[in-house]
$ cat target16.json   # JSON, C-alpha atoms
[["chain", "number", "residue", "atom", "x", "y", "z"],
["A", 269, "MET", "CA", 0.00, 0.00, 0.00],
["A", 270, "SER", "CA", 1.49, 3.34, -1.00],
["A", 271, "PHE", "CA", 1.29, 5.97, 1.68],
["A", 272, "CYS", "CA", 0.72, 9.70, 1.32],
["A", 273, "SER", "CA", 1.61, 10.99, -2.09],
["A", 274, "PHE", "CA", -0.26, 14.23, -1.17],
["A", 275, "LEU", "CA", -1.49, 14.56, -4.75],
["A", 276, "GLY", "CA", -5.18, 14.19, -4.08],
["A", 277, "GLY", "CA", -7.69, 12.47, -1.83],
["A", 278, "GLU", "CA", -6.16, 10.11, 0.69],
["A", 279, "VAL", "CA", -7.50, 6.62, -0.05],
["A", 280, "PHE", "CA", -6.04, 4.93, 3.06],
["A", 281, "LYS", "CA", -7.59, 7.07, 5.82],
["A", 282, "ASN", "CA", -10.43, 4.59, 6.37],
["A", 283, "HIS", "CA", -8.54, 1.51, 5.19],
["A", 284, "PHE", "CA", -7.92, -0.94, 8.05],
["A", 285, "GLN", "CA", -7.00, -4.17, 6.27],
["A", 286, "PRO", "CA", -3.84, -5.93, 7.54],
["A", 287, "GLY", "CA", -0.69, -4.94, 5.70],
["A", 288, "ILE", "CA", 2.34, -2.71, 5.43],
["A", 289, "TYR", "CA", 2.20, 0.92, 4.30],
["A", 290, "VAL", "CA", 5.09, 1.90, 2.04],
["A", 291, "CYS", "CA", 6.52, 5.09, 0.55],
["A", 292, "ALA", "CA", 4.65, 6.11, -2.61],
["A", 293, "LYS", "CA", 7.92, 7.14, -4.24],
["A", 294, "CYS", "CA", 10.33, 4.25, -3.52],
["A", 295, "GLY", "CA", 8.36, 1.45, -1.82],
["A", 296, "HIS", "CA", 10.32, 1.60, 1.48],
["A", 297, "GLU", "CA", 8.30, 0.04, 4.33],
["A", 298, "LEU", "CA", 7.02, 2.72, 6.72],
["A", 299, "PHE", "CA", 4.15, 1.59, 8.95],
["A", 300, "SER", "CA", 2.28, -1.56, 9.90],
["A", 301, "SER", "CA", -1.51, -1.63, 9.89],
["A", 302, "ARG", "CA", -1.22, -2.78, 13.53],
["A", 303, "ALA", "CA", -0.04, 0.75, 14.44],
["A", 304, "LYS", "CA", -2.92, 2.46, 12.57],
["A", 305, "TYR", "CA", -5.86, 3.99, 14.40],
["A", 306, "GLU", "CA", -8.89, 6.18, 13.66],
["A", 307, "HIS", "CA", -8.29, 9.93, 13.96],
["A", 308, "SER", "CA", -10.16, 13.07, 12.92],
["A", 309, "SER", "CA", -7.36, 14.27, 10.61],
["A", 310, "PRO", "CA", -7.86, 13.76, 6.85],
["A", 311, "TRP", "CA", -4.82, 11.41, 6.71],
["A", 312, "PRO", "CA", -4.12, 7.95, 8.08],
["A", 313, "ALA", "CA", -2.82, 8.04, 11.66],
["A", 314, "PHE", "CA", -0.20, 5.72, 13.15],
["A", 315, "THR", "CA", 1.36, 5.43, 16.60],
["A", 316, "GLU", "CA", 4.79, 4.18, 15.49],
["A", 317, "THR", "CA", 6.92, 3.37, 12.48],
["A", 318, "LEU", "CA", 7.60, -0.17, 11.32],
["A", 319, "ARG", "CA", 11.35, 0.11, 12.06],
["A", 320, "GLU", "CA", 13.64, 2.76, 13.48],
["A", 321, "ASP", "CA", 15.04, 3.49, 10.00],
["A", 322, "SER", "CA", 11.64, 3.62, 8.28],
["A", 323, "VAL", "CA", 11.55, 7.41, 8.50],
["A", 324, "ALA", "CA", 13.86, 10.36, 9.13],
["A", 325, "LYS", "CA", 12.73, 13.18, 11.42],
["A", 326, "ARG", "CA", 13.73, 16.77, 12.07],
["A", 327, "GLU", "CA", 12.16, 19.27, 14.43],
["A", 328, "GLU", "CA", 9.90, 21.70, 12.62],
["A", 329, "ARG", "CA", 8.41, 23.38, 15.69],
["A", 330, "PRO", "CA", 7.92, 22.42, 19.35],
["A", 331, "GLY", "CA", 5.79, 19.30, 19.49],
["A", 332, "ALA", "CA", 5.99, 18.56, 15.77],
["A", 333, "LEU", "CA", 8.66, 16.78, 13.74],
["A", 334, "LYS", "CA", 8.86, 16.84, 9.94],
["A", 335, "VAL", "CA", 8.87, 13.22, 8.72],
["A", 336, "THR", "CA", 10.40, 11.93, 5.47],
["A", 337, "CYS", "CA", 10.98, 8.48, 4.03],
["A", 338, "GLY", "CA", 14.07, 6.95, 5.59],
["A", 339, "LYS", "CA", 15.27, 5.73, 2.20],
["A", 340, "CYS", "CA", 14.49, 8.39, -0.45],
["A", 341, "GLY", "CA", 13.56, 11.49, 1.58],
["A", 342, "ASN", "CA", 10.00, 11.74, 0.22],
["A", 343, "GLY", "CA", 7.92, 14.04, 2.45],
["A", 344, "LEU", "CA", 5.40, 12.10, 4.55],
["A", 345, "GLY", "CA", 4.03, 14.75, 6.88],
["A", 346, "HIS", "CA", 4.61, 15.11, 10.60],
["A", 347, "GLU", "CA", 4.99, 13.32, 13.88],
["A", 348, "PHE", "CA", 2.93, 15.10, 16.52],
["A", 349, "LEU", "CA", 4.42, 14.36, 19.91],
["A", 350, "ASN", "CA", 2.03, 13.29, 22.68],
["A", 351, "ASP", "CA", -0.95, 13.43, 20.31],
["A", 352, "GLY", "CA", -1.54, 9.68, 19.95],
["A", 353, "PRO", "CA", -4.47, 7.63, 21.21],
["A", 354, "LYS", "CA", -2.75, 6.90, 24.55],
["A", 355, "ARG", "CA", -0.84, 9.16, 26.91],
["A", 356, "GLY", "CA", 2.75, 9.66, 25.76],
["A", 357, "GLN", "CA", 2.19, 8.26, 22.24],
["A", 358, "SER", "CA", 2.90, 10.20, 19.09],
["A", 359, "ARG", "CA", 0.69, 10.53, 16.03],
["A", 360, "PHE", "CA", 2.22, 10.14, 12.58]]

$ encode --input "target16.json" --output "structure tokens"
Amino acid sequence: MSFCSFLGGEVFKNHFQPGIYVCAKCGHELFSSRAKYEHSSPWPAFTETLREDSVAKREERPGALKVTCGKCGNGLGHEFLNDGPKRGQSRF
């Protein structure tokens, strides 16, 4: 499943079938469906990445990190710190 090309409507927001979400540009594995949860944002929401090297992060502002593909650098959005479904979890 390709994740977040940001070129139109997001087809995976309400998709909860088992699987792995990958970078739309290079196919690098990013997130597992086990880490996906329902959220009010217009994009899919995840609590964690598949592996430590799945994404690269840099601070954009306090509480928000800019997230890119760990392999090709494709922009994926943000990690919002302490905004996950449980206390202390992030939302990607």

$ closest_residue --input "target16.json" --among "A:Lys354, A:His346, A:Lys339, A:Arg359" --to "Lys293 in chain A" --atoms "all atoms listed in the file"
A:Lys339

$ closest_residue --input "target16.json" --among "A:Gly356, A:Gly331, A:Pro312, A:Gly338" --to "Glu297 in chain A" --atoms "all atoms listed in the file"
A:Gly338

$ atom_distance --input "target16.json" --atom1 "CA of Val335 in chain A" --atom2 "CA of Trp311 in chain A"
14.0 Å

$ atom_distance --input "target16.json" --atom1 "CA of Cys291 in chain A" --atom2 "CA of Asn342 in chain A"
7.5 Å

$ residues_around --input "target16.json" --residues "Phe348 in chain A" --least-positions-apart "2" --cutoff "12 Å" --atoms "only C-alpha atoms" --output "list in words"
Ser309, Ala313, Phe314, Thr315, Glu316, Lys325, Arg326, Glu327, Glu328, Arg329, Pro330, Gly331, Ala332, Leu333, Lys334, Val335, Gly345, His346, Asn350, Asp351, Gly352, Pro353, Gly356, Gln357, Ser358, Arg359 and Phe360 of chain A

$ write_last_selection --input "target16.json" --atoms "C-alpha atoms" --output "mmCIF file, in the coordinates of the input"
data_model
loop_
_atom_site.group_PDB
_atom_site.id
_atom_site.type_symbol
_atom_site.label_atom_id
_atom_site.label_comp_id
_atom_site.auth_asym_id
_atom_site.auth_seq_id
_atom_site.Cartn_x
_atom_site.Cartn_y
_atom_site.Cartn_z
ATOM 1 C CA SER A 309 -7.360 14.270 10.610
ATOM 2 C CA ALA A 313 -2.820 8.040 11.660
ATOM 3 C CA PHE A 314 -0.200 5.720 13.150
ATOM 4 C CA THR A 315 1.360 5.430 16.600
ATOM 5 C CA GLU A 316 4.790 4.180 15.490
ATOM 6 C CA LYS A 325 12.730 13.180 11.420
ATOM 7 C CA ARG A 326 13.730 16.770 12.070
ATOM 8 C CA GLU A 327 12.160 19.270 14.430
ATOM 9 C CA GLU A 328 9.900 21.700 12.620
ATOM 10 C CA ARG A 329 8.410 23.380 15.690
ATOM 11 C CA PRO A 330 7.920 22.420 19.350
ATOM 12 C CA GLY A 331 5.790 19.300 19.490
ATOM 13 C CA ALA A 332 5.990 18.560 15.770
ATOM 14 C CA LEU A 333 8.660 16.780 13.740
ATOM 15 C CA LYS A 334 8.860 16.840 9.940
ATOM 16 C CA VAL A 335 8.870 13.220 8.720
ATOM 17 C CA GLY A 345 4.030 14.750 6.880
ATOM 18 C CA HIS A 346 4.610 15.110 10.600
ATOM 19 C CA ASN A 350 2.030 13.290 22.680
ATOM 20 C CA ASP A 351 -0.950 13.430 20.310
ATOM 21 C CA GLY A 352 -1.540 9.680 19.950
ATOM 22 C CA PRO A 353 -4.470 7.630 21.210
ATOM 23 C CA GLY A 356 2.750 9.660 25.760
ATOM 24 C CA GLN A 357 2.190 8.260 22.240
ATOM 25 C CA SER A 358 2.900 10.200 19.090
ATOM 26 C CA ARG A 359 0.690 10.530 16.030
ATOM 27 C CA PHE A 360 2.220 10.140 12.580
#

$ residues_near_point --input "target16.json" --point "(2.1, -4.9, 10.1)" --cutoff "6 Å" --atoms "only C-alpha atoms" --output "number ranges by chain"
A: 287-288, 300-302

$ atom_distance --input "target16.json" --atom1 "CA of Gln285 in chain A" --atom2 "CA of Cys340 in chain A"
25.8 Å

$ closest_residue --input "target16.json" --among "A:Gly341, A:Tyr289, A:Asp321, A:Leu349" --to "Lys304 in chain A" --atoms "all atoms listed in the file"
A:Tyr289

$ closest_residue --input "target16.json" --among "A:Pro286, A:Thr336, A:Leu298, A:Tyr305" --to "Glu320 in chain A" --atoms "only C-alpha atoms"
A:Leu298

$ decode --input "target16.json" --residues "range 314-345 of chain A" --atoms "N, CA, C and O atoms" --output "compact mmCIF listing (two decimals), in the first residue's frame"
# COMPACT_ATOMS: atom_id res chain seq x y z
N PHE A 314 -0.95 6.86 12.63
CA PHE A 314 -0.20 5.72 13.15
C PHE A 314 0.48 6.13 14.46
O PHE A 314 0.83 7.29 14.65
N THR A 315 0.69 5.16 15.34
CA THR A 315 1.36 5.43 16.60
C THR A 315 2.87 5.25 16.53
O THR A 315 3.59 5.83 17.34
N GLU A 316 3.35 4.44 15.59
CA GLU A 316 4.79 4.18 15.49
C GLU A 316 5.15 3.71 14.09
O GLU A 316 4.30 3.25 13.34
N THR A 317 6.43 3.84 13.77
CA THR A 317 6.92 3.37 12.48
C THR A 317 7.19 1.87 12.54
O THR A 317 7.28 1.29 13.62
N LEU A 318 7.34 1.27 11.38
CA LEU A 318 7.60 -0.17 11.32
C LEU A 318 8.97 -0.49 11.92
O LEU A 318 9.11 -1.43 12.70
N ARG A 319 9.99 0.29 11.54
CA ARG A 319 11.35 0.11 12.06
C ARG A 319 11.93 1.48 12.39
O ARG A 319 11.43 2.50 11.92
N GLU A 320 13.00 1.50 13.12
CA GLU A 320 13.64 2.76 13.48
C GLU A 320 14.09 3.54 12.25
O GLU A 320 14.01 4.77 12.20
N ASP A 321 14.55 2.82 11.20
CA ASP A 321 15.04 3.49 10.00
C ASP A 321 13.96 3.69 8.93
O ASP A 321 14.26 4.10 7.81
N SER A 322 12.71 3.44 9.26
CA SER A 322 11.64 3.62 8.28
C SER A 322 11.50 5.08 7.85
O SER A 322 11.20 5.36 6.70
N VAL A 323 11.68 5.99 8.79
CA VAL A 323 11.55 7.41 8.50
C VAL A 323 12.72 8.19 9.08
O VAL A 323 13.41 7.71 9.98
N ALA A 324 12.92 9.39 8.55
CA ALA A 324 13.86 10.36 9.13
C ALA A 324 13.02 11.49 9.69
O ALA A 324 11.94 11.80 9.17
N LYS A 325 13.49 12.11 10.76
CA LYS A 325 12.73 13.18 11.42
C LYS A 325 13.64 14.36 11.70
O LYS A 325 14.82 14.20 11.97
N ARG A 326 13.03 15.56 11.63
CA ARG A 326 13.73 16.77 12.07
C ARG A 326 12.68 17.68 12.70
O ARG A 326 11.52 17.72 12.27
N GLU A 327 13.10 18.40 13.73
CA GLU A 327 12.16 19.27 14.43
C GLU A 327 11.74 20.42 13.52
O GLU A 327 12.57 21.09 12.91
N GLU A 328 10.44 20.60 13.40
CA GLU A 328 9.90 21.70 12.62
C GLU A 328 9.44 22.83 13.54
O GLU A 328 9.62 24.00 13.24
N ARG A 329 8.84 22.44 14.65
CA ARG A 329 8.41 23.38 15.69
C ARG A 329 8.21 22.56 16.96
O ARG A 329 8.15 21.33 16.90
N PRO A 330 8.12 23.19 18.11
CA PRO A 330 7.92 22.42 19.35
C PRO A 330 6.69 21.52 19.24
O PRO A 330 5.62 21.96 18.85
N GLY A 331 6.88 20.26 19.52
CA GLY A 331 5.79 19.30 19.49
C GLY A 331 5.50 18.68 18.14
O GLY A 331 4.61 17.84 18.02
N ALA A 332 6.24 19.09 17.11
CA ALA A 332 5.99 18.56 15.77
C ALA A 332 7.31 18.34 15.03
O ALA A 332 8.14 19.25 14.94
N LEU A 333 7.48 17.13 14.51
CA LEU A 333 8.66 16.78 13.74
C LEU A 333 8.27 16.59 12.29
O LEU A 333 7.22 15.99 12.00
N LYS A 334 9.06 17.08 11.37
CA LYS A 334 8.86 16.84 9.94
C LYS A 334 9.34 15.42 9.66
O LYS A 334 10.44 15.04 10.08
N VAL A 335 8.55 14.62 8.96
CA VAL A 335 8.87 13.22 8.72
C VAL A 335 9.04 12.99 7.22
O VAL A 335 8.21 13.41 6.41
N THR A 336 10.14 12.31 6.86
CA THR A 336 10.40 11.93 5.47
C THR A 336 10.73 10.45 5.41
O THR A 336 11.09 9.83 6.42
N CYS A 337 10.62 9.88 4.23
CA CYS A 337 10.98 8.48 4.03
C CYS A 337 12.44 8.29 4.41
O CYS A 337 13.31 9.08 4.03
N GLY A 338 12.71 7.24 5.15
CA GLY A 338 14.07 6.95 5.59
C GLY A 338 14.99 6.51 4.48
O GLY A 338 16.21 6.49 4.65
N LYS A 339 14.45 6.18 3.32
CA LYS A 339 15.27 5.73 2.20
C LYS A 339 15.47 6.83 1.15
O LYS A 339 16.59 7.13 0.77
N CYS A 340 14.38 7.44 0.68
CA CYS A 340 14.49 8.39 -0.45
C CYS A 340 14.26 9.85 -0.07
O CYS A 340 14.46 10.73 -0.88
N GLY A 341 13.78 10.11 1.16
CA GLY A 341 13.56 11.49 1.58
C GLY A 341 12.22 12.07 1.17
O GLY A 341 11.97 13.27 1.39
N ASN A 342 11.32 11.27 0.60
CA ASN A 342 10.00 11.74 0.22
C ASN A 342 9.26 12.27 1.45
O ASN A 342 9.25 11.64 2.50
N GLY A 343 8.65 13.46 1.34
CA GLY A 343 7.92 14.04 2.45
C GLY A 343 6.68 13.24 2.80
O GLY A 343 5.88 12.92 1.94
N LEU A 344 6.53 12.92 4.09
CA LEU A 344 5.40 12.10 4.55
C LEU A 344 4.47 12.86 5.48
O LEU A 344 3.39 12.37 5.79
N GLY A 345 4.88 14.00 5.96
CA GLY A 345 4.03 14.75 6.88
C GLY A 345 4.75 15.03 8.18
O GLY A 345 5.90 15.46 8.17
